[in-house]
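Trainee: One structure, pasted below without further comment.
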Amino acid sequence: MASTMADGGTIPAKLHGRAFYESIGSPKFVLAPMVDQSEFAWRMLSRSYLSPAENAKLLAYTPMLHARLYEETAKYREAHFEAVRPPTSTSNGLAPSPTPSASNAEDAQPPVPFLDGNPALDRPLFVQFCANDPEHLLGAAKLVAPYCDAVDLNLGCPQGIARKGNYGAFLQEDQKLIYDLINTLHKNLAVPVTAKIRILGTKEDTLAYAKNVLAAGASIITVHGRRREQKGHITGVADWQYLRYLRDNLPKETVIFANGNILQHDDLERCLEATGADAVMSAEGNLSDPAIFAQPPPPGQEGREYWRGKDGKGGYRIDAMFRRYMGIIHKYALQQEPPTRRPLFVIGDDESWLAENKGEDAEQEEGPARKKRKKNGGGKREKCTPNTVAIRPHLFHLLRHFISRHTDIRDALARCPAGDIPAVEKVLDMVERRVAEGLIEYERTGGKTVEEPEPGAKAKPQAEDGKEPTEAQKAEDATADEYDAESSVATVKKCKRPWWIAQPIVRPLPKEALANGSISLSKKEKKKLEQATVDEVDGNQKSKERGGDGMVEEELPRSDSAIGVQEPAIDPKRPTATTDGLVCG
C-alpha cells in the first residue's frame, strides 16, 4: 500500500522489516560503514574473494556521509559518492556533480550507472548518513535513494567530532529526535530506513532504545556491542550477551545485525551462534583482511594468492591483496587497463627477477621526498576521488604487520602523495620483492625465520623437584591464558601469522593499555580509580561475608580522535601495537 509523504505526494509501497531483508537475499555477512574506508574499490575487493552465490550473502555499506553537507554541497557529493557516470567535462573543464541535486534532478538526462550502487557491481548496498535534522536527512536520502537498497542512520559514532556536531552516539540521550529522524525517512523515502546503534549502560535501557528505533520505522537494526565510551585504547571487548538479550526480547521477526569482536573468519559463525543475530558485521577485521568473509581454500588448493605454513595455519598474502586492490583501482576508479604483471611468485618459480633493479628499493628512501619528486619529474597525479584518496590509509592497515618490520617500505608508502598511482605501484613492487625473499628464506630455514617468542610469554613454571610440569598442569595454564578476561595474549597467539600474511590488529585491553603506557590517567581519574579500588575491596569483603563475589568496574579515561581518513601511527617502541582511532561507529 502506498504511503503519503509530508509534502502531500505518495511513494510506492515498499517492503519493510524481514520481508525487505529477504528481498535482498537475506545477507549473512555485512561490510561495515567505515569513515572514508568502505568506499567502492574496497567493497569490490572484499566481494572479489567470494563466488557469485556467496556475494548474494554479502551486504555492504558506504562510508558515513554528512547529511546536511550532502544535501547542500555538490562538491561534497562529488568527493564522496560516484553513482552515475559524469560527462567528460563541462564548459569550465570540470566534471559536474555525479549525483543529481535537488534543483536539477527533474531536468537531468537518464543517468548511466557508474560505481557506487551500480546494480551490476555493487549491490546490495546501504548508504549511511549522520544527521541531527530530519529535513536535511530526508533531503540527502532522496538524492541517494535511486542508487541503493536502503538508507542507514548512524547512531554509533563515538568520536569527539560527533559530540561537537551532535550526531552519532551523542544523540542517544534524545530518543525523541532519534524517533523523528527515522520516522521521517520511513514515511517519506522510497527505500527502507535502517539504523546502527551502540549498547547503553544496561541491557534494559538498550532494549528500550532498540524498541524506539524499531517503532520509528527502522527495517533493520545493527547493534555494536560496545558503549559510547569504548574507543581507541579503551575499546575493550564487545559484549555479545547484550545482543543475545535483544534477540531474546525483541519480536522474532526483528532483523538484527551484530557488530564487534570480528577478527578472523571463524569469528563470524561464533558471533552468529552466540548472539542469534541474522547477520554479522565486520569493520576493522575487514580492513586488515578484506577476504575475511571468504572460506579459506582447502589444503592443496591454495593457488598463488593463499599461503599455508608448515604448522597448517595460513592466510592470503598481502602482496596478492595489494596487487588485486590496485587492479580494481585501475579498472574501475581510473577506467583503464591494469598494468601487465608477472605471475605472483611462489616457491619453485624463477628467482632471477629479484636481482633486477635491486638498487631501486634503497633509492626509495634516499633524500627528501620533495627533492626526489622534483628530480624525477614526479609521478602522474590522478584526480582525487573517494577511491584514490583512500588508497594509502588502506595500505597502512593492510600492511601493518609487514611495515612494522620493513620500515623502509613504510616510509616509501608515507611519501606517496594522494592520487600518485605510479608511486603506489613502486611500493607494490617493493612489497612483492620483500615477500618473495621472505618465502624463500622460510623454505630455506624450514620455517625458523618466523619463529618468535609467544606474545606475553612467561617463564615456564617448574615443579618443586625441578621436573617439567605435567600435562594436566600445562592444560590448566593454557586454559588460564585462553580465558583471561584481562589479557589479549591468547587472542594475539591465535591470530599470529608470518608478516607476509594478512592478519588482524589486536588492540591491547584497557588494563594492558594502562600498564604499557598507551593511555594514562589524569589526577581526577586516578582519584576515581583509587576510590573505586577502595570500594571494590570493601564490596568484596562484604560479599565474602555474604558468601558471594563482588566487583566494581574501573572508570577508564576517555580519549577522542579526529574523524576522517586515518593512517595508523606505529609506535617505534611497540611496533605491533595499534594506536589508530575507531573507524566504525
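By order in the C-alpha cells, chains are A, B, ...; within a chain, residues start at 1; ligands start at 1, following the order shown.
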Please provide as JSON, numbers by chain all residues within 10 Å of Cys130 of chain A, with the sequence filter that same-chain residues fewer than 4 positions apart are discarded (counting only C-alpha atoms).
Mentor: {"A": [64, 65, 66, 67, 68, 137, 152, 153, 154, 155, 156, 157, 162, 165, 166, 167, 168, 169]}
Trainee: Figure out the distance between atom CA of Gly438 of chain A and atom CA of Gly303 of chain A, please, to one decimal in Å.
Mentor: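 Computing it gives 17.7 Å between the two atoms.
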Trainee: Dump as JSON lines the rows for residues of segment 233-312 of chain A within 9 Å of segment 199-218 of chain A: closest atom pair and distance in Å with one decimal, only C-alpha atoms counted, ordered by chain and rising residue number.
Mentor:
{"residue": "A:Asp239", "atom": "CA", "partner": "A:Ile199", "partner_atom": "CA", "distance": 8.7}
{"residue": "A:Gln241", "atom": "CA", "partner": "A:Lys203", "partner_atom": "CA", "distance": 8.8}
{"residue": "A:Tyr242", "atom": "CA", "partner": "A:Lys203", "partner_atom": "CA", "distance": 5.9}
{"residue": "A:Leu243", "atom": "CA", "partner": "A:Ile199", "partner_atom": "CA", "distance": 8.6}
{"residue": "A:Tyr245", "atom": "CA", "partner": "A:Lys203", "partner_atom": "CA", "distance": 7.0}
{"residue": "A:Leu246", "atom": "CA", "partner": "A:Leu207", "partner_atom": "CA", "distance": 6.0}
{"residue": "A:Asn249", "atom": "CA", "partner": "A:Leu207", "partner_atom": "CA", "distance": 7.7}
{"residue": "A:Leu250", "atom": "CA", "partner": "A:Lys211", "partner_atom": "CA", "distance": 7.7}
{"residue": "A:Thr254", "atom": "CA", "partner": "A:Leu214", "partner_atom": "CA", "distance": 8.4}
Trainee: Take the selection from the previous step and output its residues with N, CA and C atoms, as a compact mmCIF listing (two decimals), in the first residue's frame.
Mentor:
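To be explicit, this is the file written out as part_28.txt:
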# COMPACT_ATOMS: atom_id res chain seq x y z
N ASP A 239 30.32 -6.78 23.98
CA ASP A 239 29.54 -7.68 24.84
C ASP A 239 28.43 -8.33 24.02
N GLN A 241 26.57 -10.67 24.95
CA GLN A 241 25.42 -11.03 25.78
C GLN A 241 24.29 -10.01 25.63
N TYR A 242 24.67 -8.73 25.41
CA TYR A 242 23.65 -7.70 25.18
C TYR A 242 22.87 -8.02 23.91
N LEU A 243 23.57 -8.45 22.89
CA LEU A 243 22.91 -8.74 21.62
C LEU A 243 21.99 -9.95 21.75
N TYR A 245 20.50 -10.79 24.47
CA TYR A 245 19.36 -10.30 25.25
C TYR A 245 18.34 -9.62 24.33
N LEU A 246 18.83 -8.82 23.39
CA LEU A 246 17.93 -8.16 22.44
C LEU A 246 17.21 -9.20 21.58
N ASN A 249 14.43 -10.79 23.45
CA ASN A 249 13.36 -9.95 23.98
C ASN A 249 12.68 -9.06 22.95
N LEU A 250 13.17 -9.05 21.74
CA LEU A 250 12.50 -8.34 20.66
C LEU A 250 11.64 -9.32 19.88
N THR A 254 12.03 -9.37 14.06
CA THR A 254 13.01 -8.28 14.02
C THR A 254 14.31 -8.76 13.38
Trainee: Using only C-alpha atoms, determine which residues lie at most 9 Å from Asn261 of chain A, disregarding the query and same-chain residues fewer than 6 positions distant; provide the list as a PDB file with C-alpha atoms, in the first residue's frame.
Mentor:
ATOM      1  CA  GLY A 225      28.206  -4.418  21.412  1.00  0.00           C
ATOM      2  CA  VAL A 237      35.728  -6.299  24.063  1.00  0.00           C
ATOM      3  CA  ALA A 238      32.205  -6.081  22.641  1.00  0.00           C
ATOM      4  CA  ASP A 239      29.545  -7.676  24.838  1.00  0.00           C
ATOM      5  CA  TRP A 240      27.690 -10.281  22.801  1.00  0.00           C
ATOM      6  CA  ASP A 267      34.589 -15.336  14.464  1.00  0.00           C
ATOM      7  CA  CYS A 271      29.122 -14.418  16.686  1.00  0.00           C
ATOM      8  CA  SER A 282      32.912  -6.591  10.304  1.00  0.00           C
ATOM      9  CA  GLY A 285      38.745  -7.069  10.826  1.00  0.00           C
TER      10      GLY A 285
END
Trainee: Could you pull out the strand (DSSP E) residues of segment 42-201 of chain A from DSSP and send them as a list in words?
Mentor: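 The strand (DSSP E) residues within segment 42-201 of chain A come out as Leu58, Leu59, Ala60, Tyr61, Leu65, His66, Leu125, Phe126, Val127, Gln128, Phe129, Cys130, Ala150, Val151, Asp152, Leu153, Asn154, Leu155, Val193, Thr194, Ala195, Lys196, Ile197 and Arg198 of chain A.
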Trainee: Counting only C-alpha atoms, what is within 9 Å of Phe345 of chain A, bar same-chain residues fewer than 3 positions away, as a list of chain:residue names?
Mentor: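 That gives A:Arg304, A:Arg342, A:Gly348, A:Asp349, A:Asp350, A:Glu351, A:Glu432, A:Arg433, A:Val435, A:Ala436.
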Trainee: So that I have them on file, write out the residues from the current selection with C-alpha atoms, as a short mmCIF file (atom, residue, chain, number, x, y, z; two decimals), in the first residue's frame.
Mentor:
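Just written: result.cif:
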data_model
loop_
_atom_site.label_atom_id
_atom_site.label_comp_id
_atom_site.auth_asym_id
_atom_site.auth_seq_id
_atom_site.Cartn_x
_atom_site.Cartn_y
_atom_site.Cartn_z
CA ARG A 304 49.36 -18.43 -5.68
CA ARG A 342 54.39 -11.22 -13.87
CA GLY A 348 59.80 -23.11 -7.43
CA ASP A 349 59.47 -20.11 -9.76
CA ASP A 350 62.47 -18.46 -11.42
CA GLU A 351 64.13 -16.12 -8.91
CA GLU A 432 56.29 -8.19 -3.86
CA ARG A 433 60.09 -8.48 -3.79
CA VAL A 435 57.52 -11.14 0.29
CA ALA A 436 59.28 -13.34 -2.27
#
Trainee: Given the choices A:Val492, A:Ala515, A:Val30, A:Leu509, which gets closest to Gly236 of chain A if the distance is worked out from only C-alpha atoms?
Mentor: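 Closest to Gly236 of chain A of all the choices is A:Leu509.
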Trainee: Can you pull out the residues contacting Val223 of chain A? Cut-off 7 Å, using only C-alpha atoms, and skip same-chain residues under 5 positions away; I want them as a ChimeraX atom specification.
Mentor: /A:196-199,257-259
Trainee: Convert the current residue selection to file output with C-alpha atoms, as a PDB file, in the first residue's frame.
Mentor:
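Dumped to out_8.pdb:
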ATOM      1  CA  LYS A 196      23.085   1.373  13.723  1.00  0.00           C
ATOM      2  CA  ILE A 197      23.311   1.883  17.480  1.00  0.00           C
ATOM      3  CA  ARG A 198      25.630   1.156  20.415  1.00  0.00           C
ATOM      4  CA  ILE A 199      24.629  -0.538  23.635  1.00  0.00           C
ATOM      5  CA  PHE A 257      22.840  -7.328  12.722  1.00  0.00           C
ATOM      6  CA  ALA A 258      25.637  -7.938  15.251  1.00  0.00           C
ATOM      7  CA  ASN A 259      28.829  -5.878  15.315  1.00  0.00           C
TER       8      ASN A 259
END
